Amino acid sequence: MTAYANPADANASAASNPYAQPAAAPPPAHSSPTLAFILGWIPGVGAIYNGQYLKGLVHALIFGLLISLADSSPSSAEPLIGILIAAFCFYMPFEALHTATARNRGLKPDEWSSILPASRYRSGAPIGPIVLIAIGVIYLLNTLNLLDFHEIGRYWPVILIVIGAWMLYNRVSSPASRPPAEDSRDDLMESRREQ
């Protein structure tokens, strides 16, 4: 380390040293929402185009898993898996479009961003892991011949009815517990500033 008698000499030395300079801010990311939407139809490519590499890998793995399930599942489960594949194929391009639009606005979406804000629909129960565990247990019991999937598979539409009824109940039952809309929050903040 060099000792300088004059502090101005130290500042001049630091200014000429490229390693002592602060890093320049990266230029704002620019993504074409139209191109992101088109690439989103290919599993994982829309997310990769938006710089979300891990999400792109997960999208490709989920798509491969759904295709594998469609190939190996009993015929009674084919309609459900077909609906899941179609829903996922439509989700990917719209999610890529949403992310590209957010990036163009200067927002930095996190790796696991989504079209729907997670905080708005968050409940106390971890629904996703519970559903995955239940599906895994059903397939395991079928593999061990402890449960005939053909008998349960006949009633898979009941699952959709129950989920729909639960979502409707949650939406209708507690309007007071929902957070206020963004516009009303902004109006409230402005009225407080004026006071």
# chains A, B, ... in the order shown; residues from 1 in each chain; ligands from 1
$ closest_atom_pairs --of "segment 32-137 of chain A" --to "segment 145-160 of chain A" --cutoff "12 Å" --atoms "only C-alpha atoms" --output "CSV"
residue,atom,partner,partner_atom,distance
A:Ser73,CA,A:Phe149,CA,9.2
A:Pro74,CA,A:His150,CA,7.0
A:Ser75,CA,A:His150,CA,8.1
A:Ser76,CA,A:Gly153,CA,5.4
A:Ala77,CA,A:Gly153,CA,5.8
A:Glu78,CA,A:Gly153,CA,9.4
A:Pro79,CA,A:Trp156,CA,9.3
A:Leu80,CA,A:Trp156,CA,7.4
A:Ile81,CA,A:Trp156,CA,10.6
A:Ile83,CA,A:Leu160,CA,11.1
A:Leu84,CA,A:Leu160,CA,11.7
A:Val131,CA,A:Ile159,CA,10.8
A:Ala134,CA,A:Ile159,CA,11.9
A:Ile135,CA,A:Phe149,CA,11.2
A:Val137,CA,A:Leu147,CA,10.2
$ atom_distance --atom1 "atom CA of Glu95 of chain A" --atom2 "atom CA of Ser31 of chain A"
13.3 Å
$ residues_around --residues "Pro33 of chain A" --least-positions-apart "2" --cutoff "7 Å" --atoms "only C-alpha atoms" --output "MDAnalysis selection string"
chainID A and resid 31 35:37 97 100:101
$ residues_around --residues "segment 38-45 of chain A" --least-positions-apart "3" --cutoff "9 Å" --atoms "only C-alpha atoms" --output "JSON list (two decimals) with N, CA and C atoms, in the first residue's frame"
[["chain", "number", "residue", "atom", "x", "y", "z"],
["A", 33, "PRO", "N", -41.51, -7.61, -26.26],
["A", 33, "PRO", "CA", -42.61, -8.42, -25.76],
["A", 33, "PRO", "C", -43.20, -9.35, -26.82],
["A", 34, "THR", "N", -43.25, -8.90, -28.07],
["A", 34, "THR", "CA", -43.80, -9.75, -29.13],
["A", 34, "THR", "C", -42.91, -10.96, -29.36],
["A", 35, "LEU", "N", -41.60, -10.74, -29.41],
["A", 35, "LEU", "CA", -40.68, -11.85, -29.60],
["A", 35, "LEU", "C", -40.70, -12.79, -28.40],
["A", 48, "ILE", "N", -35.85, -18.00, -21.10],
["A", 48, "ILE", "CA", -34.42, -17.81, -21.37],
["A", 48, "ILE", "C", -34.20, -16.51, -22.12],
["A", 49, "TYR", "N", -35.07, -16.17, -23.06],
["A", 49, "TYR", "CA", -34.95, -14.90, -23.78],
["A", 49, "TYR", "C", -35.01, -13.71, -22.82],
["A", 50, "ASN", "N", -35.80, -13.84, -21.76],
["A", 50, "ASN", "CA", -35.91, -12.78, -20.77],
["A", 50, "ASN", "C", -34.81, -12.83, -19.71],
["A", 53, "TYR", "N", -32.83, -17.98, -16.76],
["A", 53, "TYR", "CA", -32.33, -19.26, -17.24],
["A", 53, "TYR", "C", -32.84, -20.43, -16.40],
["A", 55, "LYS", "N", -35.61, -20.53, -14.65],
["A", 55, "LYS", "CA", -37.03, -20.70, -14.94],
["A", 55, "LYS", "C", -37.21, -21.40, -16.29],
["A", 56, "GLY", "N", -36.39, -21.08, -17.28],
["A", 56, "GLY", "CA", -36.47, -21.75, -18.57],
["A", 56, "GLY", "C", -36.22, -23.24, -18.45],
["A", 57, "LEU", "N", -35.23, -23.60, -17.64],
["A", 57, "LEU", "CA", -34.94, -25.02, -17.42],
["A", 57, "LEU", "C", -36.12, -25.70, -16.73],
["A", 58, "VAL", "N", -36.70, -25.04, -15.74],
["A", 58, "VAL", "CA", -37.84, -25.62, -15.02],
["A", 58, "VAL", "C", -39.04, -25.76, -15.96],
["A", 59, "HIS", "N", -39.28, -24.78, -16.83],
["A", 59, "HIS", "CA", -40.37, -24.88, -17.80],
["A", 59, "HIS", "C", -40.17, -26.09, -18.71],
["A", 60, "ALA", "N", -38.96, -26.29, -19.19],
["A", 60, "ALA", "CA", -38.69, -27.44, -20.06],
["A", 60, "ALA", "C", -38.87, -28.75, -19.31],
["A", 61, "LEU", "N", -38.43, -28.81, -18.06],
["A", 61, "LEU", "CA", -38.59, -30.03, -17.26],
["A", 61, "LEU", "C", -40.05, -30.33, -16.97],
["A", 62, "ILE", "N", -40.83, -29.30, -16.65],
["A", 62, "ILE", "CA", -42.25, -29.51, -16.39],
["A", 62, "ILE", "C", -42.95, -30.00, -17.65],
["A", 63, "PHE", "N", -42.64, -29.40, -18.78],
["A", 63, "PHE", "CA", -43.25, -29.84, -20.03],
["A", 63, "PHE", "C", -42.89, -31.29, -20.33],
["A", 64, "GLY", "N", -41.64, -31.64, -20.15],
["A", 64, "GLY", "CA", -41.22, -33.03, -20.37],
["A", 64, "GLY", "C", -41.90, -33.99, -19.42],
["A", 89, "CYS", "N", -48.92, -24.84, -21.79],
["A", 89, "CYS", "CA", -48.47, -24.29, -23.08],
["A", 89, "CYS", "C", -48.99, -22.87, -23.28],
["A", 90, "PHE", "N", -50.17, -22.55, -22.77],
["A", 90, "PHE", "CA", -50.69, -21.19, -22.88],
["A", 90, "PHE", "C", -50.10, -20.27, -21.81],
["A", 91, "TYR", "N", -49.70, -20.85, -20.67],
["A", 91, "TYR", "CA", -49.11, -20.04, -19.60],
["A", 91, "TYR", "C", -47.75, -19.49, -20.01],
["A", 92, "MET", "N", -46.91, -20.33, -20.61],
["A", 92, "MET", "CA", -45.53, -19.93, -20.90],
["A", 92, "MET", "C", -45.41, -18.67, -21.76],
["A", 93, "PRO", "N", -46.12, -18.54, -22.89],
["A", 93, "PRO", "CA", -45.95, -17.31, -23.68],
["A", 93, "PRO", "C", -46.47, -16.06, -22.99],
["A", 94, "PHE", "N", -47.58, -16.20, -22.26],
["A", 94, "PHE", "CA", -48.12, -15.02, -21.57],
["A", 94, "PHE", "C", -47.22, -14.60, -20.41],
["A", 95, "GLU", "N", -46.59, -15.57, -19.76],
["A", 95, "GLU", "CA", -45.65, -15.24, -18.68],
["A", 95, "GLU", "C", -44.42, -14.55, -19.27],
["A", 96, "ALA", "N", -43.93, -15.02, -20.43],
["A", 96, "ALA", "CA", -42.78, -14.39, -21.08],
["A", 96, "ALA", "C", -43.13, -12.97, -21.52],
["A", 97, "LEU", "N", -44.33, -12.77, -22.03],
["A", 97, "LEU", "CA", -44.80, -11.43, -22.42],
["A", 97, "LEU", "C", -44.85, -10.51, -21.20]]
$ atom_distance --atom1 "atom CA of Leu168 of chain A" --atom2 "atom CA of Phe88 of chain A"
22.1 Å
$ atom_distance --atom1 "atom CA of Leu66 of chain A" --atom2 "atom CA of Gly51 of chain A"
24.1 Å
